[in-house]
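Here the structure comes first, spelled out in structure tokens, and everything after it is commentary.
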Amino acid sequence: MNLLTDGTANNPILRFCLDVLERHGESWPPAEDVLAREFVEWFGCRAFVSKEHMRELCEAKGVKLTFVPLPSEIRGFNCSFGNQREIVVCETQISPFDLHTLFHEFREMLEHDFRELGRPIIGPKGSLEVQAEQFAILCRMETASREIPGFLEMAQNVQNKWMRYLSFGLVIVFGTAYLFHCILTPQMEEVLSEARRQRYVST
Ligand SMILES: [Zn+2]
């Protein structure tokens, strides 16, 4: 029988951090894209999800996700209290196409846990806000790249030759547009102003 005595039974995020440490501890800190790939794999998220599905995904990872009206300059924030975690996202910011804020807040929580474990990823000169933005972009690109083979397969199965070409073209156009959307979504001004506003509550 496996006894879960390390305190991670009710703390999936801490469990994830420990697993990442185990896999990459020897070449610490891992590159941001390595962490993003690990996270997307663990989180099991797709590129397009509804709010309800986002809530379910977060709940499965021990995080309560709420959407509330927030002042326009605040996109979201996160809180940790013992094993209780919460992410609050501005309800007007989020759309089925926008997982950016969610990934950003998760990255901040991950860094919090890595710090608690004595293995921070971001050094004293680094900026958590900037790194969380980069992580969010990388996660969205990673989720999209996981969808593309499925779309290509669908295009491959289209019977009519011209419709098949059209489908391939649409996948390429759509993929490129999505890539740009991932990169351009965050505005640097927002990053800077958010850095002044963000509050991190922890115990
Ligand atoms: Zn932030």
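Following the order of the structure tokens, chains are lettered A, B, ..., residues in each are numbered from 1, and ligands are numbered from 1.
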
Inset, instruction - Could you tell me, as a ChimeraX atom specification, which residues of segment 45-176 of chain A DSSP assigns to alpha helix (DSSP H) when given the backbone? - result: /A:51-60,100-116,128-156,161-176

Inset, instruction - Extract, using only C-alpha atoms, all DNA, RNA and protein residues at most 6 Å from segment 106-109 of chain A, discarding same-chain residues fewer than 3 positions from it, and format them as a list in words. - result: Phe103, His112 and Ala132 of chain A

Inset, instruction - Excluding Leu152 of chain A and any residue of its chain fewer than 4 positions from it, enumerate the residues within 7 Å of it, using only C-alpha atoms, and give them as a list in words. - result: Ile148, Gln156, Phe168 and Val171 of chain A

Legend entry - Counting only C-alpha atoms, the residue of A:Glu133, A:Glu153, A:Glu147, A:Glu111 that sits nearest Phe48 of chain A: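 Closest to Phe48 of chain A, using only C-alpha atoms: A:Glu147.
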
Inset, instruction - Write out as number ranges by chain all residues of segment 15-186 of chain A that backbone DSSP assigns to strand (DSSP E or B). - result: A: 63-68, 76-81, 84-90

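Proximity to Glu59 of chain A was assessed for A:Ile13, A:Leu35, A:Ala155, A:Cys79 counting only C-alpha atoms; the smallest distance is recorded for A:Ile13.
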
Legend entry - Long-range neighbours of Ile87 of chain A as a list in words, 7 Å cut-off, only C-alpha atoms, 5 positions minimum in chain: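 Surrounding residues, per the criterion: Val63, Lys64, Leu65, Thr66, Phe77, Asn78, Cys79 and Glu105 of chain A.
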
Inset, instruction - Fewer than 3 positions away in the same chain doesn't count, so skip those; otherwise give me all residues within 9 Å of segment 140-146 of chain A, counting only C-alpha atoms, as a list in words. - result: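 Skipping anything fewer than 3 positions along the chain leaves Asp33, Ala36, Arg37, Val40, Glu41, Gly44, Cys45, Arg46, Ala47, Phe48, Asp98, Leu99, His100, Phe103, Phe135, Ala136, Ile137, Pro149, Gly150, Gly175, Tyr178, Leu179, Cys182 and Ile183 of chain A.
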
Legend entry - Nearest to ligand 1, chosen from A:Met154, A:Val88, A:Gln159, A:Glu116, with only C-alpha atoms and all ligand atoms counted in the distances: A:Val88

Inset, instruction - Could you check how far atom CA of Arg115 of chain A sits from atom CA of Val68 of chain A, in Å to one decimal? - result: 28.7 Å

Inset, instruction - Would you kindly return, as JSON, numbers by chain, each protein, DNA or RNA residue with an atom no farther than 10 Å from any atom of Val20 of chain A, considering only C-alpha atoms and excluding same-chain residues fewer than 5 positions away? - result: {"A": [14, 15, 25, 28, 30, 34, 35, 38, 39, 114]}

Legend entry - Selection near Asn11 of chain A, 10 Å with only C-alpha atoms, sequence-local residues under 6 positions removed, as a ChimeraX atom specification: /A:61-63,82-85

Inset, instruction - Return the single residue from A:Leu102, A:Leu18, A:Leu110, A:Val173 that is closest to Phe67 of chain A, with distances computed using only C-alpha atoms. - result: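 Looking only at the distances to Phe67 of chain A, the closest residue turns out to be A:Leu102.
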